[in-house]
file upload20.csv (CSV, C-alpha atoms)
chain,number,residue,atom,x,y,z
N,263,SER,CA,0.0,0.0,0.0
N,264,TYR,CA,1.0,3.6,-0.5
N,265,ILE,CA,0.4,6.7,1.6
N,266,ILE,CA,0.0,10.1,-0.2
N,267,PHE,CA,0.8,13.4,1.5
N,268,ASN,CA,-0.1,16.9,0.3
N,269,SER,CA,2.8,18.7,2.0
N,270,ASN,CA,6.5,18.1,2.4
N,271,LYS,CA,6.3,18.8,6.1
N,272,SER,CA,3.7,16.1,6.8
N,273,LEU,CA,5.7,13.6,4.7
N,274,ALA,CA,8.9,14.4,6.6
N,275,GLU,CA,7.2,14.0,9.9
N,276,PHE,CA,5.7,10.6,8.9
N,277,LYS,CA,9.1,9.4,7.6
N,278,SER,CA,10.7,10.2,11.0
N,279,ILE,CA,8.5,7.6,12.6
N,280,LEU,CA,8.5,5.0,9.9
N,281,LYS,CA,11.3,2.5,9.1
N,282,PRO,CA,13.4,3.5,6.1
N,283,THR,CA,12.3,0.2,4.4
N,284,TYR,CA,8.9,1.7,3.8
N,285,HIS,CA,9.9,5.2,2.7
N,286,SER,CA,9.5,4.3,-1.0
N,287,ARG,CA,5.8,3.8,-0.3
N,288,LEU,CA,5.3,7.4,0.8
N,289,HIS,CA,4.5,10.0,-1.9
N,290,LEU,CA,3.9,13.7,-2.2
N,291,ILE,CA,1.1,15.0,-4.5
N,292,TYR,CA,-0.1,18.5,-4.2
N,293,ASN,CA,-3.7,19.4,-4.8
N,294,GLY,CA,-4.5,20.3,-8.4
N,295,PHE,CA,-6.3,23.4,-9.6
N,296,GLU,CA,-8.0,24.6,-12.7
N,297,ARG,CA,-6.9,28.1,-13.7
N,298,ILE,CA,-9.8,30.6,-13.7
N,299,LYS,CA,-9.8,34.0,-15.2
N,300,THR,CA,-11.3,36.7,-13.0
N,301,LYS,CA,-11.6,40.4,-12.7
N,302,THR,CA,-11.5,42.2,-9.4
N,303,LYS,CA,-14.5,44.5,-8.9
N,304,THR,CA,-13.7,46.9,-6.1
N,305,ASN,CA,-13.6,50.6,-5.5
N,306,ASN,CA,-10.3,51.9,-6.9
N,307,ASP,CA,-9.8,54.3,-3.9
N,308,THR,CA,-9.8,51.4,-1.4
N,309,VAL,CA,-7.3,48.5,-1.1
N,310,VAL,CA,-9.3,45.5,-0.1
N,311,PHE,CA,-7.7,42.7,1.9
N,312,GLY,CA,-9.3,39.4,2.5
N,313,ALA,CA,-9.0,36.4,4.8
N,314,LEU,CA,-10.8,33.2,3.9
N,315,GLY,CA,-11.2,30.0,5.9
N,316,ARG,CA,-12.7,28.6,9.1
N,317,PHE,CA,-12.9,31.0,12.0
N,318,SER,CA,-10.9,28.8,14.2
N,319,LYS,CA,-7.7,29.2,16.3
N,320,GLU,CA,-5.4,27.4,13.9
N,321,LYS,CA,-6.6,29.5,11.0
N,322,ASN,CA,-5.9,32.6,13.1
N,323,ILE,CA,-8.2,35.0,11.2
N,324,LEU,CA,-8.8,36.8,14.4
N,325,GLN,CA,-5.2,38.2,14.0
N,326,SER,CA,-6.1,39.9,10.7
N,327,VAL,CA,-9.2,41.5,12.3
N,328,ARG,CA,-7.2,42.6,15.4
N,329,VAL,CA,-4.4,44.2,13.2
N,330,PHE,CA,-6.8,45.9,10.8
N,331,GLN,CA,-8.8,47.4,13.7
N,332,ASN,CA,-5.7,49.4,14.6
N,333,LEU,CA,-4.9,50.3,11.0
N,334,PHE,CA,-8.4,51.7,10.4
N,335,LYS,CA,-7.9,54.2,13.3
N,336,SER,CA,-5.5,56.1,11.1
N,337,ASN,CA,-6.4,55.1,7.6
N,338,ASN,CA,-9.7,54.7,5.7
N,339,PHE,CA,-8.1,53.5,2.5
N,340,PHE,CA,-8.2,49.9,3.6
N,341,LYS,CA,-11.0,47.4,3.9
N,342,LEU,CA,-10.9,43.9,5.2
N,343,ILE,CA,-13.3,41.1,4.2
N,344,VAL,CA,-13.3,37.9,6.3
N,345,GLN,CA,-15.3,35.0,5.0
N,346,GLY,CA,-15.5,31.4,6.1
N,347,HIS,CA,-17.2,28.7,8.2
N,348,PHE,CA,-18.0,29.4,11.8
N,349,GLY,CA,-15.5,28.0,14.2
N,350,ASN,CA,-14.2,28.5,17.8
N,351,GLN,CA,-13.1,32.1,17.1
N,352,PHE,CA,-16.3,33.4,15.4
N,353,ASP,CA,-17.7,35.0,18.5
N,354,ASP,CA,-14.3,36.6,19.3
N,355,ILE,CA,-14.0,38.0,15.8
N,356,LYS,CA,-17.6,39.4,15.9
N,357,GLU,CA,-17.0,40.9,19.3
N,358,ILE,CA,-13.9,43.0,18.5
N,359,ILE,CA,-15.2,44.6,15.2
N,360,PHE,CA,-16.0,48.2,15.7
N,361,THR,CA,-15.5,49.7,12.3
N,362,LYS,CA,-17.4,49.5,9.1
N,363,ASN,CA,-14.2,48.8,7.2
N,364,ILE,CA,-14.3,45.2,8.3
N,365,GLU,CA,-16.9,43.0,6.8
N,366,ILE,CA,-17.8,39.4,7.8
N,367,LYS,CA,-19.3,37.4,5.0
N,368,GLU,CA,-21.0,34.1,5.5
N,369,PRO,CA,-19.6,30.9,3.9
N,370,ASN,CA,-20.2,30.7,0.1
N,371,PHE,CA,-19.3,27.8,-2.1
N,372,ASN,CA,-18.7,30.2,-5.0
N,373,VAL,CA,-15.3,31.5,-3.9
N,374,GLU,CA,-15.1,33.6,-7.1
N,375,ILE,CA,-17.3,36.2,-5.4
N,376,PHE,CA,-14.8,36.5,-2.6
N,377,TYR,CA,-11.7,36.6,-4.8
N,378,ASN,CA,-13.4,39.1,-7.2
N,379,SER,CA,-13.9,41.5,-4.2
N,380,ILE,CA,-10.3,41.6,-2.9
N,381,HIS,CA,-6.9,42.8,-4.0
N,382,ILE,CA,-4.7,41.1,-1.4
N,383,LEU,CA,-5.1,37.8,0.5
N,384,ILE,CA,-3.9,37.4,4.0
N,385,LEU,CA,-3.2,33.8,5.2
N,386,PRO,CA,-2.5,34.1,8.9
N,387,SER,CA,-2.7,30.4,9.8
N,388,ILE,CA,-0.5,29.0,12.5
N,389,PHE,CA,0.1,25.9,10.3
N,390,GLU,CA,-0.9,25.0,6.8
N,391,GLY,CA,0.2,21.9,4.8
N,392,CYS,CA,-1.1,22.5,1.3
N,393,PRO,CA,-3.1,25.7,1.6
N,394,ASN,CA,-5.8,25.7,-1.0
N,395,VAL,CA,-6.8,29.3,-0.2
N,396,LEU,CA,-3.2,30.4,-1.1
N,397,PHE,CA,-3.2,28.5,-4.4
N,398,GLU,CA,-6.7,29.8,-5.4
N,399,ALA,CA,-5.5,33.4,-4.7
N,400,MET,CA,-2.2,32.9,-6.6
N,401,LEU,CA,-4.0,31.4,-9.6
N,402,ARG,CA,-6.1,34.6,-9.7
N,403,LYS,CA,-3.0,36.7,-9.5
N,404,LYS,CA,-3.8,38.2,-6.0
N,405,ILE,CA,-1.0,39.5,-3.8
N,406,CYS,CA,-0.6,37.1,-0.9
N,407,ILE,CA,0.6,37.8,2.6
N,408,VAL,CA,1.2,34.6,4.5
N,409,SER,CA,2.4,33.8,8.0
N,410,LYS,CA,5.6,31.7,8.3
N,411,GLY,CA,3.4,28.8,9.6
N,412,ALA,CA,1.2,29.0,6.6
N,413,ASN,CA,4.2,28.7,4.3
N,414,SER,CA,5.5,25.4,5.7
N,415,ASP,CA,6.3,24.0,2.2
N,416,LYS,CA,7.7,27.3,1.0
N,417,PHE,CA,5.2,28.0,-1.8
N,418,VAL,CA,5.7,31.7,-1.2
N,419,GLU,CA,9.1,33.3,-1.8
N,420,ASN,CA,9.2,36.5,0.2
N,421,GLY,CA,9.1,39.5,-2.0
N,422,VAL,CA,8.9,37.4,-5.2
N,423,THR,CA,5.7,35.4,-5.1
N,424,GLY,CA,4.2,37.1,-2.1
N,425,PHE,CA,5.1,38.3,1.3
N,426,ILE,CA,5.9,36.3,4.5
N,427,TYR,CA,5.6,37.5,8.0
N,428,ASP,CA,6.8,35.8,11.2
N,429,GLY,CA,3.2,35.3,12.6
N,430,SER,CA,3.2,38.3,15.0
N,431,ASP,CA,0.8,41.2,14.8
N,432,ILE,CA,3.6,43.7,14.6
N,433,GLU,CA,5.2,42.1,11.6
N,434,LEU,CA,1.8,41.7,9.8
N,435,ILE,CA,1.4,45.5,10.3
N,436,ASN,CA,4.9,46.1,8.9
N,437,THR,CA,4.4,43.8,5.9

call {"tool": "encode", "arguments": {"input": "upload20.csv", "output": "structure tokens"}}
result
Amino acid sequence: SYIIFNSNKSLAEFKSILKPTYHSRLHLIYNGFERIKTKTKTNNDTVVFGALGRFSKEKNILQSVRVFQNLFKSNNFFKLIVQGHFGNQFDDIKEIIFTKNIEIKEPNFNVEIFYNSIHILILPSIFEGCPNVLFEAMLRKKICIVSKGANSDKFVENGVTGFIYDGSDIELINT
């Protein structure tokens, strides 16, 4: 039998607990995607950031909301859209929003609507193996800002294919 992994990190972790005799049965296959042509439909005066995924601790979307709350105090040229399935941070996210520049959208299977409404994707996850959200954004030529933990397989090269921050609020602000 064979075991398929969708990230180098998970493959390496599994190899570390398995006898070398069986390593030839372990394979890496990333998720496949169909390239979709889209056009962003936003107000040209506003830069729209987006975070997409479960509202859970490991996805860390709360960090994006927290950081943007502070940015909006001094700048109204930004907007943040967060969209995803309700999780263990949903109430925390709802509770701290005090500006109209942050919008929570309900889950929608048509992700085209989300990607058409943003310029820049933020992926603040504490850990990602093979981040579908990142690939979907990159295929649509969106600028991507990812935490170090969300870039475990190094899909993003800092300053070349996107921007990487160390996972802290302060570095997300500076990025």

call {"tool": "residues_around", "arguments": {"input": "upload20.csv", "residues": "stretch 380-383 of chain N", "least_positions_apart": "6", "cutoff": "8 Å", "atoms": "only C-alpha atoms", "output": "ChimeraX atom specification"}}
result
/N:302-304,309-313,343,396,399,404-407

call {"tool": "atom_distance", "arguments": {"input": "upload20.csv", "atom1": "atom CA of N:Lys319", "atom2": "atom CA of N:Gln345"}}
result
14.8 Å

call {"tool": "atom_distance", "arguments": {"input": "upload20.csv", "atom1": "atom CA of N:Tyr427", "atom2": "atom CA of N:Val408"}}
result
6.3 Å

call {"tool": "closest_residue", "arguments": {"input": "upload20.csv", "among": "N:Ile388, N:Leu290, N:Thr283, N:Gly411", "to": "N:Ile266", "atoms": "all atoms listed in the file"}}
result
N:Leu290

call {"tool": "closest_residue", "arguments": {"input": "upload20.csv", "among": "N:Gln351, N:Asn394, N:Ser278, N:Ser318", "to": "N:Ala412", "atoms": "all atoms listed in the file"}}
result
N:Asn394

call {"tool": "atom_distance", "arguments": {"input": "upload20.csv", "atom1": "atom CA of N:Leu342", "atom2": "atom CA of N:Leu324"}}
result
11.8 Å

call {"tool": "closest_residue", "arguments": {"input": "upload20.csv", "among": "N:Ile426, N:Cys392, N:Val329, N:Ile358", "to": "N:Leu273", "atoms": "all atoms listed in the file"}}
result
N:Cys392

call {"tool": "residues_around", "arguments": {"input": "upload20.csv", "residues": "N:Val344", "least_positions_apart": "6", "cutoff": "12 Å", "atoms": "all atoms listed in the file", "output": "PyMOL selection string"}}
result
chain N and resi 310-317+321-328+330+352+355-356+359+363-370+376-377+379-380+382-386

call {"tool": "closest_residue", "arguments": {"input": "upload20.csv", "among": "N:Ser263, N:Asn270, N:Thr308, N:Asn436", "to": "N:Ser286", "atoms": "all atoms listed in the file"}}
result
N:Ser263

call {"tool": "decode", "arguments": {"input": "upload20.csv", "residues": "stretch 319-340 of chain N", "atoms": "N, CA and C atoms", "output": "PDB file, in the first residue's frame"}}
result
ATOM      1  N   LYS N 319      -9.013  28.810  15.784  1.00  0.00           N
ATOM      2  CA  LYS N 319      -7.714  29.244  16.327  1.00  0.00           C
ATOM      3  C   LYS N 319      -6.568  28.923  15.388  1.00  0.00           C
ATOM      4  N   GLU N 320      -6.564  27.732  14.797  1.00  0.00           N
ATOM      5  CA  GLU N 320      -5.435  27.365  13.929  1.00  0.00           C
ATOM      6  C   GLU N 320      -5.402  28.190  12.639  1.00  0.00           C
ATOM      7  N   LYS N 321      -6.549  28.668  12.181  1.00  0.00           N
ATOM      8  CA  LYS N 321      -6.590  29.516  10.977  1.00  0.00           C
ATOM      9  C   LYS N 321      -6.250  30.969  11.310  1.00  0.00           C
ATOM     10  N   ASN N 322      -6.440  31.371  12.564  1.00  0.00           N
ATOM     11  CA  ASN N 322      -5.927  32.637  13.097  1.00  0.00           C
ATOM     12  C   ASN N 322      -6.468  33.882  12.382  1.00  0.00           C
ATOM     13  N   ILE N 323      -7.655  33.824  11.835  1.00  0.00           N
ATOM     14  CA  ILE N 323      -8.233  34.985  11.154  1.00  0.00           C
ATOM     15  C   ILE N 323      -8.465  36.129  12.138  1.00  0.00           C
ATOM     16  N   LEU N 324      -8.631  35.792  13.401  1.00  0.00           N
ATOM     17  CA  LEU N 324      -8.769  36.807  14.444  1.00  0.00           C
ATOM     18  C   LEU N 324      -7.597  37.789  14.405  1.00  0.00           C
ATOM     19  N   GLN N 325      -6.398  37.310  14.098  1.00  0.00           N
ATOM     20  CA  GLN N 325      -5.232  38.194  14.038  1.00  0.00           C
ATOM     21  C   GLN N 325      -5.422  39.270  12.978  1.00  0.00           C
ATOM     22  N   SER N 326      -5.903  38.900  11.811  1.00  0.00           N
ATOM     23  CA  SER N 326      -6.129  39.881  10.734  1.00  0.00           C
ATOM     24  C   SER N 326      -7.109  40.955  11.181  1.00  0.00           C
ATOM     25  N   VAL N 327      -8.179  40.540  11.824  1.00  0.00           N
ATOM     26  CA  VAL N 327      -9.185  41.491  12.295  1.00  0.00           C
ATOM     27  C   VAL N 327      -8.582  42.419  13.346  1.00  0.00           C
ATOM     28  N   ARG N 328      -7.858  41.858  14.284  1.00  0.00           N
ATOM     29  CA  ARG N 328      -7.230  42.642  15.353  1.00  0.00           C
ATOM     30  C   ARG N 328      -6.260  43.683  14.771  1.00  0.00           C
ATOM     31  N   VAL N 329      -5.422  43.261  13.834  1.00  0.00           N
ATOM     32  CA  VAL N 329      -4.442  44.156  13.226  1.00  0.00           C
ATOM     33  C   VAL N 329      -5.134  45.260  12.426  1.00  0.00           C
ATOM     34  N   PHE N 330      -6.147  44.911  11.646  1.00  0.00           N
ATOM     35  CA  PHE N 330      -6.813  45.908  10.824  1.00  0.00           C
ATOM     36  C   PHE N 330      -7.641  46.888  11.644  1.00  0.00           C
ATOM     37  N   GLN N 331      -8.127  46.464  12.790  1.00  0.00           N
ATOM     38  CA  GLN N 331      -8.829  47.411  13.666  1.00  0.00           C
ATOM     39  C   GLN N 331      -7.910  48.594  13.965  1.00  0.00           C
ATOM     40  N   ASN N 332      -6.656  48.307  14.269  1.00  0.00           N
ATOM     41  CA  ASN N 332      -5.703  49.371  14.586  1.00  0.00           C
ATOM     42  C   ASN N 332      -5.344  50.192  13.354  1.00  0.00           C
ATOM     43  N   LEU N 333      -5.224  49.572  12.200  1.00  0.00           N
ATOM     44  CA  LEU N 333      -4.904  50.302  10.973  1.00  0.00           C
ATOM     45  C   LEU N 333      -6.016  51.278  10.607  1.00  0.00           C
ATOM     46  N   PHE N 334      -7.263  50.896  10.835  1.00  0.00           N
ATOM     47  CA  PHE N 334      -8.383  51.730  10.436  1.00  0.00           C
ATOM     48  C   PHE N 334      -8.507  52.986  11.292  1.00  0.00           C
ATOM     49  N   LYS N 335      -7.882  52.984  12.460  1.00  0.00           N
ATOM     50  CA  LYS N 335      -7.922  54.178  13.293  1.00  0.00           C
ATOM     51  C   LYS N 335      -7.242  55.345  12.593  1.00  0.00           C
ATOM     52  N   SER N 336      -6.238  55.038  11.757  1.00  0.00           N
ATOM     53  CA  SER N 336      -5.480  56.102  11.112  1.00  0.00           C
ATOM     54  C   SER N 336      -5.629  56.129   9.590  1.00  0.00           C
ATOM     55  N   ASN N 337      -6.363  55.184   9.000  1.00  0.00           N
ATOM     56  CA  ASN N 337      -6.401  55.102   7.551  1.00  0.00           C
ATOM     57  C   ASN N 337      -7.718  54.496   7.081  1.00  0.00           C
ATOM     58  N   ASN N 338      -8.424  55.227   6.266  1.00  0.00           N
ATOM     59  CA  ASN N 338      -9.689  54.725   5.727  1.00  0.00           C
ATOM     60  C   ASN N 338      -9.566  54.232   4.287  1.00  0.00           C
ATOM     61  N   PHE N 339      -8.337  54.014   3.818  1.00  0.00           N
ATOM     62  CA  PHE N 339      -8.120  53.543   2.457  1.00  0.00           C
ATOM     63  C   PHE N 339      -8.034  52.024   2.382  1.00  0.00           C
ATOM     64  N   PHE N 340      -8.248  51.366   3.503  1.00  0.00           N
ATOM     65  CA  PHE N 340      -8.191  49.913   3.562  1.00  0.00           C
ATOM     66  C   PHE N 340      -9.548  49.355   3.937  1.00  0.00           C
TER      67      PHE N 340
END
